[in-house]
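Presented below is the structure to which this report refers.
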Amino acid sequence: MSSSRVSLLLVWFVGLPVLLFSLITWQVVSHGPLLGVDRDVSDALLRPDRGSELLADLGNVQVAVPVLAAVLGYVAWRGRAAGRERWWSAPLGAAGLMLLVPVLVLPLKAWTARPGTTAVPPGTGYFPSGHTVTASVAYGGVALVLLPWLRTVLARCVVVGVCAALVLGVSYGLVRRGYHWPLDVVAGWCLGTVLLAALWLLLEVAAAPPTRSVSCVRRTSRRPP
């Protein structure tokens with residue numbers, strides 16, 4: 001991967017999400033004016049129904065993680081059958097990032113201690129949205145690890161479109177049902193984007209051909225005296 005591409009990746013998919021996440025977190029812990037806008041948007045969208053609940057459930061660990069695990073198993077089988085070097089790197093990297101989700105989310109929930117909407121029981125720990133991060137990493141990871149095995153542009157567009165629709169569906173369901181404030185979901189997008197950027201970088205490194213160091217030894221012939 002070229003250095004310019006790495007720089008672009010770091011700016012757009014790491015730097016900006018981290019900056020936005022920091023801004024939202026600051027507003028949450030300081031009870032800033034942005035929370036007023038957040039409440040207005042939530043009030044406008046809040047309509048608990050069965051459809052929104054089903055959409056939100058797609059972000060459950062019990063749903064998203066088995067989908068990711070099945071795809072990772074398929075990718076590992078394809079890579080090993082094709083005799084690829086480091087065939088295990090993509091499945092292992094995606095699985096590791098999924099395990100990292102609760103490590104990042106749970107301390108943030110405890111620290112911010114944000115209360116929920118009127119549609120949920122009294123309590124705290126709603127920021128950021130763990131369902132959103134789980135859905136982003138699981139379905140986004142599915143798209144990233146599958147793309148190298150898809151030969152047509154149509155197939156790639158379908159996979160990316162379906163995975164993006166799943167993440168957006170979960171996000172909409174969480175806000176519509178009232179499980180989370182909109183800013184909880186946006187913060188989940190930020191964390192998910194950073195984790196997916198790390199996975200993207202890992203896949204690029206794993207796909208790069210191994211560099212072989214060639215040592216050139218200059219042989220000098222000695223003339224007989």
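FYI, nothing fancy with the structure tokens labels: chains A, B, ... in order, residues from 1 per chain, ligands from 1 as they appear.
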
Contacts of A:Ala94 within 12 Å, only C-alpha atoms, excl. fewer than 4 positions in-chain, as a PyMOL selection string: chain A and resi 65+68-69+71-73+75-76+88-90+98-101+134+136-146+195-203

Between stretch 6-73 of chain A and stretch 115-124 of chain A, at 10 Å or less, what are the per-residue closest atom pairs and their distances in Å? Count only C-alpha atoms, order by chain and rising residue number, and return it as JSON lines.
```
{"residue": "A:Arg39", "atom": "CA", "partner": "A:Thr117", "partner_atom": "CA", "distance": 8.6}
{"residue": "A:Ser42", "atom": "CA", "partner": "A:Thr117", "partner_atom": "CA", "distance": 8.3}
{"residue": "A:Asp43", "atom": "CA", "partner": "A:Thr117", "partner_atom": "CA", "distance": 9.3}
{"residue": "A:Leu46", "atom": "CA", "partner": "A:Ala119", "partner_atom": "CA", "distance": 8.4}
{"residue": "A:Arg47", "atom": "CA", "partner": "A:Ala119", "partner_atom": "CA", "distance": 9.3}
{"residue": "A:Pro48", "atom": "CA", "partner": "A:Ala119", "partner_atom": "CA", "distance": 7.8}
```

Looking at A:Thr132, A:Thr152, A:Ser4, A:Thr112, which one is nearest to A:Ile24, with distances taken over only C-alpha atoms? A:Thr112

Taking 3 positions as the minimum chain separation for residues in the same chain, which residues sit within 12 Å of A:Val105 when counting only C-alpha atoms? Answer as JSON, numbers by chain. {"A": [98, 99, 100, 101, 102, 108, 109, 110, 111, 112, 113, 125, 126, 127, 128, 129, 130, 131, 132, 133, 134, 184, 187, 188, 190, 191, 192]}

Out of stretch 43-210 of chain A, which residues get alpha helix (DSSP H) from DSSP, as an MDAnalysis selection string? chainID A and resid 43:45 50:57 61:81 89:112 130:146 153:177 182:207

Please indicate the distance in Å from atom CA of A:Ala207 to atom CA of A:Cys163, rounded to one decimal place. 22.3 Å

Within 8 Å of A:Tyr172, counting only C-alpha atoms, which residues show up once you throw out same-chain ones fewer than 5 positions away? Write them as number ranges by chain, please. A: 52, 55-56

With all heavy atoms retained, could you export that selection as a PDB file, in the first residue's frame?
```pdb
ATOM      1  N   SER A  52     -39.367  -1.725  14.198  1.00  0.00           N
ATOM      2  CA  SER A  52     -38.134  -1.107  14.684  1.00  0.00           C
ATOM      3  C   SER A  52     -37.421  -2.010  15.676  1.00  0.00           C
ATOM      4  O   SER A  52     -36.186  -2.039  15.741  1.00  0.00           O
ATOM      5  CB  SER A  52     -38.449   0.247  15.318  1.00  0.00           C
ATOM      6  OG  SER A  52     -39.334   0.109  16.420  1.00  0.00           O
ATOM      7  N   LEU A  55     -35.530  -4.611  13.693  1.00  0.00           N
ATOM      8  CA  LEU A  55     -34.334  -4.026  13.085  1.00  0.00           C
ATOM      9  C   LEU A  55     -33.233  -3.854  14.124  1.00  0.00           C
ATOM     10  O   LEU A  55     -32.058  -4.163  13.859  1.00  0.00           O
ATOM     11  CB  LEU A  55     -34.674  -2.673  12.456  1.00  0.00           C
ATOM     12  CG  LEU A  55     -35.452  -2.695  11.144  1.00  0.00           C
ATOM     13  CD1 LEU A  55     -35.817  -1.271  10.729  1.00  0.00           C
ATOM     14  CD2 LEU A  55     -34.648  -3.377  10.044  1.00  0.00           C
ATOM     15  N   ALA A  56     -33.602  -3.367  15.296  1.00  0.00           N
ATOM     16  CA  ALA A  56     -32.608  -3.184  16.352  1.00  0.00           C
ATOM     17  C   ALA A  56     -31.996  -4.517  16.771  1.00  0.00           C
ATOM     18  O   ALA A  56     -30.802  -4.579  17.099  1.00  0.00           O
ATOM     19  CB  ALA A  56     -33.245  -2.495  17.553  1.00  0.00           C
TER      20      ALA A  56
END
```
